[in-house]
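work_23.cif (mmCIF, C-alpha atoms, pLDDT in the B column; chains and numbers go by the auth columns)
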```
data_work
#
loop_
_atom_site.group_PDB
_atom_site.id
_atom_site.type_symbol
_atom_site.label_atom_id
_atom_site.label_comp_id
_atom_site.label_asym_id
_atom_site.label_seq_id
_atom_site.Cartn_x
_atom_site.Cartn_y
_atom_site.Cartn_z
_atom_site.B_iso_or_equiv
_atom_site.auth_seq_id
_atom_site.auth_asym_id
ATOM 1 C CA MET A 1 8.606 21.961 -30.209 43.00 178 A
ATOM 2 C CA ASN A 2 6.996 18.745 -28.971 51.00 179 A
ATOM 3 C CA ASN A 3 10.341 16.953 -29.136 51.00 180 A
ATOM 4 C CA ASP A 4 12.029 19.717 -27.118 55.00 181 A
ATOM 5 C CA LEU A 5 9.248 19.531 -24.541 52.00 182 A
ATOM 6 C CA LEU A 6 9.632 15.763 -24.266 51.00 183 A
ATOM 7 C CA VAL A 7 13.396 16.072 -23.750 52.00 184 A
ATOM 8 C CA SER A 8 12.803 18.674 -21.046 79.00 185 A
ATOM 9 C CA TYR A 9 10.307 16.431 -19.260 77.00 186 A
ATOM 10 C CA LEU A 10 12.668 13.476 -19.428 85.00 187 A
ATOM 11 C CA SER A 11 15.564 15.579 -18.121 88.00 188 A
ATOM 12 C CA LEU A 12 13.508 16.858 -15.194 89.00 189 A
ATOM 13 C CA ARG A 13 12.368 13.357 -14.290 92.00 190 A
ATOM 14 C CA LYS A 14 15.936 12.049 -14.422 93.00 191 A
ATOM 15 C CA SER A 15 17.203 14.952 -12.298 93.00 192 A
ATOM 16 C CA ILE A 16 14.556 14.372 -9.642 95.00 193 A
ATOM 17 C CA GLY A 17 15.244 10.632 -9.651 96.00 194 A
ATOM 18 C CA PHE A 18 19.025 10.916 -9.382 97.00 195 A
ATOM 19 C CA ILE A 19 18.861 13.466 -6.554 97.00 196 A
ATOM 20 C CA ALA A 20 16.382 11.386 -4.533 97.00 197 A
ATOM 21 C CA LEU A 21 18.358 8.201 -5.139 96.00 198 A
ATOM 22 C CA GLY A 22 21.662 9.777 -4.155 97.00 199 A
ATOM 23 C CA MET A 23 20.584 11.850 -1.152 97.00 200 A
ATOM 24 C CA PRO A 24 21.168 9.279 1.642 97.00 201 A
ATOM 25 C CA VAL A 25 24.511 8.214 0.174 97.00 202 A
ATOM 26 C CA PHE A 26 25.557 11.852 -0.318 97.00 203 A
ATOM 27 C CA LEU A 27 24.770 12.716 3.311 97.00 204 A
ATOM 28 C CA VAL A 28 26.583 9.719 4.778 96.00 205 A
ATOM 29 C CA ILE A 29 29.693 10.053 2.594 96.00 206 A
ATOM 30 C CA GLY A 30 29.760 13.832 3.041 95.00 207 A
ATOM 31 C CA SER A 31 29.555 13.449 6.811 93.00 208 A
ATOM 32 C CA ILE A 32 32.482 11.033 6.752 93.00 209 A
ATOM 33 C CA TRP A 33 34.588 13.056 4.348 93.00 210 A
ATOM 34 C CA ILE A 34 33.901 16.600 5.553 90.00 211 A
ATOM 35 C CA GLY A 35 32.928 16.052 9.180 85.00 212 A
ATOM 36 C CA ASP A 36 35.143 13.057 9.986 88.00 213 A
ATOM 37 C CA CYS A 37 32.021 11.328 11.303 88.00 214 A
ATOM 38 C CA SER A 38 31.427 7.674 10.430 86.00 215 A
ATOM 39 C CA GLN A 39 28.259 7.441 12.531 88.00 216 A
ATOM 40 C CA ILE A 40 24.998 7.253 10.603 92.00 217 A
ATOM 41 C CA GLN A 41 22.455 9.678 12.031 92.00 218 A
ATOM 42 C CA SER A 42 19.162 8.446 13.459 91.00 219 A
ATOM 43 C CA SER A 43 17.220 9.957 10.552 94.00 220 A
ATOM 44 C CA ILE A 44 17.762 11.822 7.302 96.00 221 A
ATOM 45 C CA SER A 45 16.462 14.960 9.010 93.00 222 A
ATOM 46 C CA ASP A 46 19.073 14.706 11.775 91.00 223 A
ATOM 47 C CA TYR A 47 21.773 15.538 9.238 93.00 224 A
ATOM 48 C CA TYR A 48 20.537 19.107 9.635 92.00 225 A
ATOM 49 C CA HIS A 49 22.464 19.085 12.910 89.00 226 A
ATOM 50 C CA THR A 50 25.751 17.984 11.335 90.00 227 A
ATOM 51 C CA VAL A 51 28.262 19.569 8.965 90.00 228 A
ATOM 52 C CA MET A 52 25.985 18.335 6.158 93.00 229 A
ATOM 53 C CA ARG A 53 23.230 20.808 7.095 93.00 230 A
ATOM 54 C CA ASP A 54 23.706 22.930 3.976 93.00 231 A
ATOM 55 C CA GLY A 55 23.946 19.814 1.817 95.00 232 A
ATOM 56 C CA LEU A 56 20.677 18.474 3.206 96.00 233 A
ATOM 57 C CA VAL A 57 18.792 21.740 2.764 96.00 234 A
ATOM 58 C CA GLY A 58 20.302 22.329 -0.678 96.00 235 A
ATOM 59 C CA THR A 59 19.408 18.837 -1.888 97.00 236 A
ATOM 60 C CA ILE A 60 15.802 19.129 -0.734 97.00 237 A
ATOM 61 C CA CYS A 61 15.554 22.568 -2.337 97.00 238 A
ATOM 62 C CA ALA A 62 16.893 21.111 -5.596 96.00 239 A
ATOM 63 C CA ILE A 63 14.158 18.461 -5.548 97.00 240 A
ATOM 64 C CA SER A 64 11.616 21.206 -4.866 97.00 241 A
ATOM 65 C CA PHE A 65 12.938 23.317 -7.761 95.00 242 A
ATOM 66 C CA PHE A 66 12.720 20.466 -10.262 93.00 243 A
ATOM 67 C CA LEU A 67 9.232 19.539 -9.065 95.00 244 A
ATOM 68 C CA PHE A 68 8.160 23.180 -9.523 92.00 245 A
ATOM 69 C CA ALA A 69 9.583 23.151 -13.038 88.00 246 A
ATOM 70 C CA TYR A 70 7.795 19.926 -13.958 87.00 247 A
ATOM 71 C CA ARG A 71 4.339 20.526 -15.424 78.00 248 A
ATOM 72 C CA GLY A 72 3.315 17.005 -16.365 75.00 249 A
ATOM 73 C CA TYR A 73 0.553 16.187 -18.804 77.00 250 A
ATOM 74 C CA ASP A 74 -2.606 17.438 -17.130 84.00 251 A
ATOM 75 C CA VAL A 75 -3.941 19.418 -14.190 90.00 252 A
ATOM 76 C CA LYS A 76 -3.521 16.512 -11.760 91.00 253 A
ATOM 77 C CA ASP A 77 0.187 16.261 -12.600 90.00 254 A
ATOM 78 C CA PHE A 78 0.531 20.019 -12.252 91.00 255 A
ATOM 79 C CA TRP A 79 -1.033 20.299 -8.805 95.00 256 A
ATOM 80 C CA ALA A 80 0.483 17.097 -7.433 96.00 257 A
ATOM 81 C CA THR A 81 4.028 18.143 -8.295 95.00 258 A
ATOM 82 C CA ARG A 82 3.382 21.706 -7.054 95.00 259 A
ATOM 83 C CA ALA A 83 2.102 20.344 -3.749 97.00 260 A
ATOM 84 C CA ALA A 84 5.148 18.076 -3.416 97.00 261 A
ATOM 85 C CA ALA A 85 7.460 21.011 -4.205 97.00 262 A
ATOM 86 C CA VAL A 86 5.905 23.235 -1.522 98.00 263 A
ATOM 87 C CA LEU A 87 5.964 20.427 1.039 98.00 264 A
ATOM 88 C CA ALA A 88 9.643 19.785 0.275 98.00 265 A
ATOM 89 C CA LEU A 89 10.408 23.426 1.087 97.00 266 A
ATOM 90 C CA PHE A 90 8.573 23.097 4.386 97.00 267 A
ATOM 91 C CA VAL A 91 10.654 20.011 5.186 97.00 268 A
ATOM 92 C CA ALA A 92 13.849 21.920 4.383 96.00 269 A
ATOM 93 C CA PHE A 93 13.158 25.146 6.259 95.00 270 A
ATOM 94 C CA PHE A 94 11.320 23.756 9.286 94.00 271 A
ATOM 95 C CA PRO A 95 13.964 21.358 10.662 90.00 272 A
ATOM 96 C CA THR A 96 13.426 18.620 13.177 88.00 273 A
ATOM 97 C CA ILE A 97 14.384 18.974 16.831 83.00 274 A
ATOM 98 C CA TYR A 98 17.570 17.076 17.692 78.00 275 A
ATOM 99 C CA THR A 99 16.907 14.782 20.671 70.00 276 A
ATOM 100 C CA ASP A 100 19.817 12.309 20.548 69.00 277 A
ATOM 101 C CA GLU A 101 23.056 12.579 22.464 72.00 278 A
ATOM 102 C CA ILE A 102 25.722 14.864 21.017 74.00 279 A
ATOM 103 C CA TYR A 103 28.710 13.002 19.591 73.00 280 A
ATOM 104 C CA PRO A 104 31.530 15.358 18.516 75.00 281 A
ATOM 105 C CA PRO A 105 32.635 15.784 15.780 76.00 282 A
ATOM 106 C CA CYS A 106 29.413 14.386 14.278 80.00 283 A
ATOM 107 C CA ASN A 107 26.898 16.838 15.678 77.00 284 A
ATOM 108 C CA VAL A 108 26.978 20.585 15.246 75.00 285 A
ATOM 109 C CA VAL A 109 23.714 21.127 17.028 68.00 286 A
ATOM 110 C CA ARG A 110 21.665 24.234 16.538 67.00 287 A
ATOM 111 C CA PRO A 111 19.029 24.283 19.312 63.00 288 A
ATOM 112 C CA ILE A 112 15.470 24.210 17.992 67.00 289 A
ATOM 113 C CA GLU A 113 13.009 24.031 20.843 71.00 290 A
ATOM 114 C CA ASN A 114 9.847 25.183 19.128 81.00 291 A
ATOM 115 C CA PRO A 115 7.471 22.180 18.985 86.00 292 A
ATOM 116 C CA LEU A 116 5.484 23.879 16.210 91.00 293 A
ATOM 117 C CA VAL A 117 8.553 23.815 13.937 91.00 294 A
ATOM 118 C CA ASN A 118 9.009 20.130 14.673 89.00 295 A
ATOM 119 C CA ALA A 119 5.331 19.404 13.989 93.00 296 A
ATOM 120 C CA ILE A 120 5.451 21.277 10.662 95.00 297 A
ATOM 121 C CA HIS A 121 8.545 19.305 9.664 95.00 298 A
ATOM 122 C CA PHE A 122 7.056 15.872 10.335 95.00 299 A
ATOM 123 C CA SER A 123 3.607 16.619 8.935 97.00 300 A
ATOM 124 C CA SER A 124 5.184 18.098 5.781 97.00 301 A
ATOM 125 C CA ALA A 125 7.454 15.066 5.348 97.00 302 A
ATOM 126 C CA LEU A 126 4.472 12.723 5.758 97.00 303 A
ATOM 127 C CA LEU A 127 2.364 14.616 3.221 98.00 304 A
ATOM 128 C CA PHE A 128 5.335 14.886 0.852 98.00 305 A
ATOM 129 C CA PHE A 129 5.732 11.113 0.630 98.00 306 A
ATOM 130 C CA LEU A 130 1.970 10.588 0.436 98.00 307 A
ATOM 131 C CA VAL A 131 1.854 12.874 -2.611 98.00 308 A
ATOM 132 C CA LEU A 132 4.823 11.080 -4.170 97.00 309 A
ATOM 133 C CA ALA A 133 3.153 7.718 -3.590 98.00 310 A
ATOM 134 C CA TYR A 134 -0.016 9.073 -5.215 97.00 311 A
ATOM 135 C CA ILE A 135 2.006 10.204 -8.241 97.00 312 A
ATOM 136 C CA SER A 136 3.608 6.774 -8.641 97.00 313 A
ATOM 137 C CA LEU A 137 0.402 4.802 -8.083 97.00 314 A
ATOM 138 C CA PHE A 138 -2.125 6.873 -9.997 95.00 315 A
ATOM 139 C CA LEU A 139 -0.417 9.370 -12.320 94.00 316 A
ATOM 140 C CA PHE A 140 2.630 7.541 -13.675 94.00 317 A
ATOM 141 C CA THR A 141 0.477 4.502 -14.442 93.00 318 A
ATOM 142 C CA LYS A 142 -1.943 6.401 -16.675 88.00 319 A
ATOM 143 C CA THR A 143 -2.015 5.959 -20.444 82.00 320 A
ATOM 144 C CA ASP A 144 -3.937 7.631 -23.250 71.00 321 A
ATOM 145 C CA HIS A 145 -4.743 4.283 -24.870 69.00 322 A
ATOM 146 C CA PRO A 146 -5.427 1.604 -22.223 70.00 323 A
ATOM 147 C CA GLN A 147 -6.577 -0.932 -24.799 65.00 324 A
ATOM 148 C CA ALA A 148 -3.319 -0.632 -26.741 62.00 325 A
ATOM 149 C CA MET A 149 -0.964 -0.645 -23.743 75.00 326 A
ATOM 150 C CA GLY A 150 2.373 -2.215 -24.693 80.00 327 A
ATOM 151 C CA GLN A 151 4.235 -4.831 -22.671 86.00 328 A
ATOM 152 C CA ARG A 152 6.918 -2.349 -21.615 86.00 329 A
ATOM 153 C CA LYS A 153 4.263 0.039 -20.268 89.00 330 A
ATOM 154 C CA LYS A 154 2.713 -2.803 -18.286 90.00 331 A
ATOM 155 C CA HIS A 155 6.119 -3.628 -16.791 92.00 332 A
ATOM 156 C CA ARG A 156 6.725 0.026 -15.939 93.00 333 A
ATOM 157 C CA ASN A 157 3.335 0.253 -14.268 94.00 334 A
ATOM 158 C CA ARG A 158 4.222 -2.680 -12.047 95.00 335 A
ATOM 159 C CA VAL A 159 7.385 -0.887 -10.983 96.00 336 A
ATOM 160 C CA TYR A 160 5.520 2.403 -10.386 97.00 337 A
ATOM 161 C CA LYS A 161 2.978 0.606 -8.230 97.00 338 A
ATOM 162 C CA THR A 162 5.709 -1.248 -6.338 98.00 339 A
ATOM 163 C CA CYS A 163 7.520 2.023 -5.651 98.00 340 A
ATOM 164 C CA GLY A 164 4.311 3.676 -4.494 98.00 341 A
ATOM 165 C CA TRP A 165 3.460 0.824 -2.145 98.00 342 A
ATOM 166 C CA VAL A 166 7.037 0.743 -0.814 98.00 343 A
ATOM 167 C CA MET A 167 6.739 4.432 0.100 98.00 344 A
ATOM 168 C CA LEU A 168 3.420 3.804 1.844 98.00 345 A
ATOM 169 C CA ALA A 169 4.831 0.757 3.649 98.00 346 A
ATOM 170 C CA CYS A 170 7.798 2.802 4.870 98.00 347 A
ATOM 171 C CA LEU A 171 5.448 5.470 6.220 98.00 348 A
ATOM 172 C CA ALA A 172 3.362 2.814 7.974 98.00 349 A
ATOM 173 C CA LEU A 173 6.453 1.226 9.532 98.00 350 A
ATOM 174 C CA LEU A 174 7.735 4.624 10.661 97.00 351 A
ATOM 175 C CA ALA A 175 4.387 5.332 12.311 97.00 352 A
ATOM 176 C CA LEU A 176 4.477 1.925 13.992 97.00 353 A
ATOM 177 C CA TYR A 177 8.033 2.512 15.184 97.00 354 A
ATOM 178 C CA PHE A 178 7.304 5.925 16.713 94.00 355 A
ATOM 179 C CA ALA A 179 4.001 4.825 18.241 95.00 356 A
ATOM 180 C CA TRP A 180 5.041 1.473 19.683 95.00 357 A
ATOM 181 C CA LEU A 181 8.229 -0.287 18.584 95.00 358 A
ATOM 182 C CA ARG A 182 10.735 2.241 19.930 93.00 359 A
ATOM 183 C CA HIS A 183 9.167 1.969 23.393 93.00 360 A
ATOM 184 C CA ARG A 184 8.702 -1.811 23.286 94.00 361 A
ATOM 185 C CA PHE A 185 12.093 -2.570 21.750 95.00 362 A
ATOM 186 C CA PRO A 186 14.499 0.290 22.651 93.00 363 A
ATOM 187 C CA GLY A 187 17.442 -1.686 21.275 94.00 364 A
ATOM 188 C CA LEU A 188 16.156 -1.119 17.742 94.00 365 A
ATOM 189 C CA ALA A 189 17.433 2.457 17.859 92.00 366 A
ATOM 190 C CA ALA A 190 20.999 1.183 17.523 91.00 367 A
ATOM 191 C CA TYR A 191 20.177 0.023 13.986 93.00 368 A
ATOM 192 C CA ASP A 192 18.871 3.458 12.867 95.00 369 A
ATOM 193 C CA PRO A 193 15.526 2.144 11.551 96.00 370 A
ATOM 194 C CA VAL A 194 14.194 5.641 10.830 96.00 371 A
ATOM 195 C CA PHE A 195 17.176 6.497 8.635 97.00 372 A
ATOM 196 C CA TRP A 196 16.899 3.261 6.652 98.00 373 A
ATOM 197 C CA LEU A 197 13.135 3.460 6.205 98.00 374 A
ATOM 198 C CA GLU A 198 13.421 7.079 5.031 97.00 375 A
ATOM 199 C CA SER A 199 16.245 6.069 2.684 98.00 376 A
ATOM 200 C CA LEU A 200 14.179 3.206 1.283 98.00 377 A
ATOM 201 C CA ALA A 201 11.274 5.589 0.650 98.00 378 A
ATOM 202 C CA LEU A 202 13.628 8.024 -1.112 97.00 379 A
ATOM 203 C CA TRP A 203 15.090 5.235 -3.244 98.00 380 A
ATOM 204 C CA ALA A 204 11.606 4.090 -4.255 98.00 381 A
ATOM 205 C CA PHE A 205 10.777 7.701 -5.129 97.00 382 A
ATOM 206 C CA GLY A 206 13.981 8.021 -7.158 97.00 383 A
ATOM 207 C CA ILE A 207 13.555 4.734 -9.053 97.00 384 A
ATOM 208 C CA SER A 208 9.995 5.663 -9.983 97.00 385 A
ATOM 209 C CA TRP A 209 11.096 8.977 -11.483 96.00 386 A
ATOM 210 C CA LEU A 210 14.137 7.515 -13.235 96.00 387 A
ATOM 211 C CA ILE A 211 11.950 4.977 -15.001 95.00 388 A
ATOM 212 C CA LYS A 212 9.502 7.753 -15.899 92.00 389 A
ATOM 213 C CA GLY A 213 12.542 9.577 -17.325 90.00 390 A
ATOM 214 C CA GLU A 214 13.198 6.541 -19.530 85.00 391 A
ATOM 215 C CA ILE A 215 16.504 5.557 -17.957 88.00 392 A
ATOM 216 C CA PHE A 216 15.215 1.990 -17.902 79.00 393 A
ATOM 217 C CA MET A 217 12.382 0.041 -19.538 80.00 394 A
ATOM 218 C CA LYS A 218 11.563 2.616 -22.194 78.00 395 A
ATOM 219 C CA ASP A 219 9.388 1.666 -25.135 72.00 396 A
ATOM 220 C CA LEU A 220 11.112 -0.118 -27.978 63.00 397 A
ATOM 221 C CA PRO A 221 11.165 1.740 -31.313 62.00 398 A
ATOM 222 C CA GLN A 222 8.307 0.794 -33.565 56.00 399 A
ATOM 223 C CA PRO A 223 9.257 -1.124 -36.714 52.00 400 A
ATOM 224 C CA PRO A 224 8.784 0.856 -39.923 51.00 401 A
ATOM 225 C CA ALA A 225 5.482 0.381 -41.663 46.00 402 A
ATOM 226 C CA PRO A 226 5.689 -1.950 -44.703 50.00 403 A
#
```
Mind turning this structure into structure tokens?
Amino acid sequence: MNNDLLVSYLSLRKSIGFIALGMPVFLVIGSIWIGDCSQIQSSISDYYHTVMRDGLVGTICAISFFLFAYRGYDVKDFWATRAAAVLALFVAFFPTIYTDEIYPPCNVVRPIENPLVNAIHFSSALLFFLVLAYISLFLFTKTDHPQAMGQRKKHRNRVYKTCGWVMLACLALLALYFAWLRHRFPGLAAYDPVFWLESLALWAFGISWLIKGEIFMKDLPQPPAP
């Protein structure tokens, strides 16, 4: 029973990690292949207004589903993953307002003029990544036996902390961009900084969960007792 539970946990972690890691690539390639659009959108959320709308919503819902299914080891794991799952649904079903120019065939724009919807989307996305950073920094790094922590666990903890800080750094840079940089340096928009910072945060999220799923850096088998 315990072995089955462990396999289930590892499978959920791997699923979450692979989906998060592949989302930006999936959206860009899908937009090129299905929508004949080679232009990268200004943000991950802007793919809602392209032919990849269903792919974006479906991918976020898949992350939410796996987070709901993941129970973790204690009550903190349980509530952190539940909070992230709910916030992911808010991100999916309260889309951002599209403010860029329309470039056929890239944009299939569905007008969304309600500022409340836009505010819910951005606040949910912010809280979503804050919860994920908390999970990487404080939950994934825990151990039942701190004094007997192995070298592999120490290495994994460094990666978890790096991923958590990368997510926080991306959020800080996004806040700086929206508050100041985009007005001071309007030419930056041509390089899609929001898309790349969001992608970097997603990749950090995905790597953290893949390592927790023991894709990499798992503990070495213990030698048999003499």
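Taking CA of Tyr368 (chain A) as the reference point, CA of Leu348 (chain A) is found at 17.5 Å.
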The PyMOL selection byres ((chain A and resi 302-307) around 9) on the file shown: which residues, as a list in words?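 So the PyMOL selection byres ((chain A and resi 302-307) around 9), applied here, picks out Ala260, Ala261, Ala262, Val263, Leu264, Ala265, Phe267, Val268, Ile297, His298, Phe299, Ser300, Ser301, Val308, Leu309, Ala310, Tyr311, Ile312, Gly341, Met344, Leu345, Leu348, Ala378, Leu379 and Phe382 of chain A.
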Checklist line | Straight-line distance linking CA of Tyr275 (chain A) with CA of His226 (chain A), stated in Å to one decimal | finding: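 CA of His226 (chain A) lies 7.1 Å from CA of Tyr275 (chain A).
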| message | I'd like the neighbourhood of Thr318 (chain A) as a list in words, where a residue qualifies if any of its atoms comes within 12 Å (using all atoms listed in the file), though same-chain residues fewer than 6 positions away should be ignored. | response | Asp254, Ala310, Tyr311, Ile312, Met326, Arg329, Lys330, Lys331, His332, Arg333, Asn334, Arg335, Val336, Tyr337, Lys338, Thr339, Cys340, Gly341, Ser385, Trp386, Ile388 and Lys389 of chain A
| Using all atoms listed in the file, which of A:Gly235, A:Pro282, A:Gly383, A:Gly199 sits nearest Ile211 (chain A)? |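 With all atoms listed in the file as the atom set, the closest residue is A:Pro282.
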Exercise for review: Choose the residue, out of A:Leu358, A:Cys283, A:Met229, A:Ile221, that has the smallest atom-to-atom separation from Val371 (chain A); count only C-alpha atoms.
Suggested key: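 Smallest separation from Val371 (chain A) among the options: A:Ile221.
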- Item | Shell around Cys347 (chain A) at 10 Å using all atoms listed in the file, local window under 3 positions removed, as a list in words |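 Residues meeting the cut-off are Phe306, Trp342, Val343, Met344, Leu350, Leu351, Ala352, Leu353, Val371, Trp373, Leu374, Glu375, Ser376, Leu377, Ala378, Leu379 and Ala381 of chain A.
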Residue selection dump (C-alpha atoms) as a PDB file, in the coordinates of the input:
```pdb
ATOM      1  CA  PHE A 306       5.732  11.113   0.630  1.00 98.00           C
ATOM      2  CA  TRP A 342       3.460   0.824  -2.145  1.00 98.00           C
ATOM      3  CA  VAL A 343       7.037   0.743  -0.814  1.00 98.00           C
ATOM      4  CA  MET A 344       6.739   4.432   0.100  1.00 98.00           C
ATOM      5  CA  LEU A 350       6.453   1.226   9.532  1.00 98.00           C
ATOM      6  CA  LEU A 351       7.735   4.624  10.661  1.00 97.00           C
ATOM      7  CA  ALA A 352       4.387   5.332  12.311  1.00 97.00           C
ATOM      8  CA  LEU A 353       4.477   1.925  13.992  1.00 97.00           C
ATOM      9  CA  VAL A 371      14.194   5.641  10.830  1.00 96.00           C
ATOM     10  CA  TRP A 373      16.899   3.261   6.652  1.00 98.00           C
ATOM     11  CA  LEU A 374      13.135   3.460   6.205  1.00 98.00           C
ATOM     12  CA  GLU A 375      13.421   7.079   5.031  1.00 97.00           C
ATOM     13  CA  SER A 376      16.245   6.069   2.684  1.00 98.00           C
ATOM     14  CA  LEU A 377      14.179   3.206   1.283  1.00 98.00           C
ATOM     15  CA  ALA A 378      11.274   5.589   0.650  1.00 98.00           C
ATOM     16  CA  LEU A 379      13.628   8.024  -1.112  1.00 97.00           C
ATOM     17  CA  ALA A 381      11.606   4.090  -4.255  1.00 98.00           C
TER      18      ALA A 381
END
```
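Near Tyr224 (chain A), within 10 Å and counting all atoms listed in the file, sit A:Pro201, A:Leu204, A:Val205, A:Ser208, A:Ile217, A:Gln218, A:Ser219, A:Ser220, A:Ile221, A:Thr227, A:Val228, A:Met229, A:Arg230, A:Asp231, A:Gly232, A:Leu233, A:Val234, A:Pro272, A:Thr273, A:Tyr275, A:Cys283, A:Asn284, A:Val285, A:Val286; same-chain residues fewer than 3 positions away were not included.
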Please, could you write that set of residues out with C-alpha atoms as a PDB file, in the coordinates of the input?
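Result saved to selection_25.pdb:
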```
ATOM      1  CA  PRO A 201      21.168   9.279   1.642  1.00 97.00           C
ATOM      2  CA  LEU A 204      24.770  12.716   3.311  1.00 97.00           C
ATOM      3  CA  VAL A 205      26.583   9.719   4.778  1.00 96.00           C
ATOM      4  CA  SER A 208      29.555  13.449   6.811  1.00 93.00           C
ATOM      5  CA  ILE A 217      24.998   7.253  10.603  1.00 92.00           C
ATOM      6  CA  GLN A 218      22.455   9.678  12.031  1.00 92.00           C
ATOM      7  CA  SER A 219      19.162   8.446  13.459  1.00 91.00           C
ATOM      8  CA  SER A 220      17.220   9.957  10.552  1.00 94.00           C
ATOM      9  CA  ILE A 221      17.762  11.822   7.302  1.00 96.00           C
ATOM     10  CA  THR A 227      25.751  17.984  11.335  1.00 90.00           C
ATOM     11  CA  VAL A 228      28.262  19.569   8.965  1.00 90.00           C
ATOM     12  CA  MET A 229      25.985  18.335   6.158  1.00 93.00           C
ATOM     13  CA  ARG A 230      23.230  20.808   7.095  1.00 93.00           C
ATOM     14  CA  ASP A 231      23.706  22.930   3.976  1.00 93.00           C
ATOM     15  CA  GLY A 232      23.946  19.814   1.817  1.00 95.00           C
ATOM     16  CA  LEU A 233      20.677  18.474   3.206  1.00 96.00           C
ATOM     17  CA  VAL A 234      18.792  21.740   2.764  1.00 96.00           C
ATOM     18  CA  PRO A 272      13.964  21.358  10.662  1.00 90.00           C
ATOM     19  CA  THR A 273      13.426  18.620  13.177  1.00 88.00           C
ATOM     20  CA  TYR A 275      17.570  17.076  17.692  1.00 78.00           C
ATOM     21  CA  CYS A 283      29.413  14.386  14.278  1.00 80.00           C
ATOM     22  CA  ASN A 284      26.898  16.838  15.678  1.00 77.00           C
ATOM     23  CA  VAL A 285      26.978  20.585  15.246  1.00 75.00           C
ATOM     24  CA  VAL A 286      23.714  21.127  17.028  1.00 68.00           C
TER      25      VAL A 286
END
```
* Between CA of Phe270 (chain A) and CA of Ala246 (chain A), measure the distance and give it in Å to one decimal. =>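 Going from CA of Phe270 (chain A) over to CA of Ala246 (chain A), I get 19.7 Å.
Using all atoms listed in the file for every distance, the candidate list A:Ala239, A:Tyr250, A:Phe203, A:Trp256 yields A:Tyr250 as the residue closest to Lys319 (chain A).
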(message) Need to verify the contact set: Lys253 (chain A), 10 Å, only C-alpha atoms, exclusion of same-chain residues closer than 4 positions in sequence. Can you return it as an MDAnalysis selection string?
(response) chainID A and resid 248:249 257:259 312 315:316
Nearest to Met394 (chain A), restricted to all atoms listed in the file and choosing among A:Ala366, A:Gly327, A:Ala269, A:Ala349, comes out as A:Gly327
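Each of A:Ser215, A:Trp357, A:Phe317, A:Cys238 was compared to Gly390 (chain A) using all atoms listed in the file, and A:Phe317 turns out to be the nearest.
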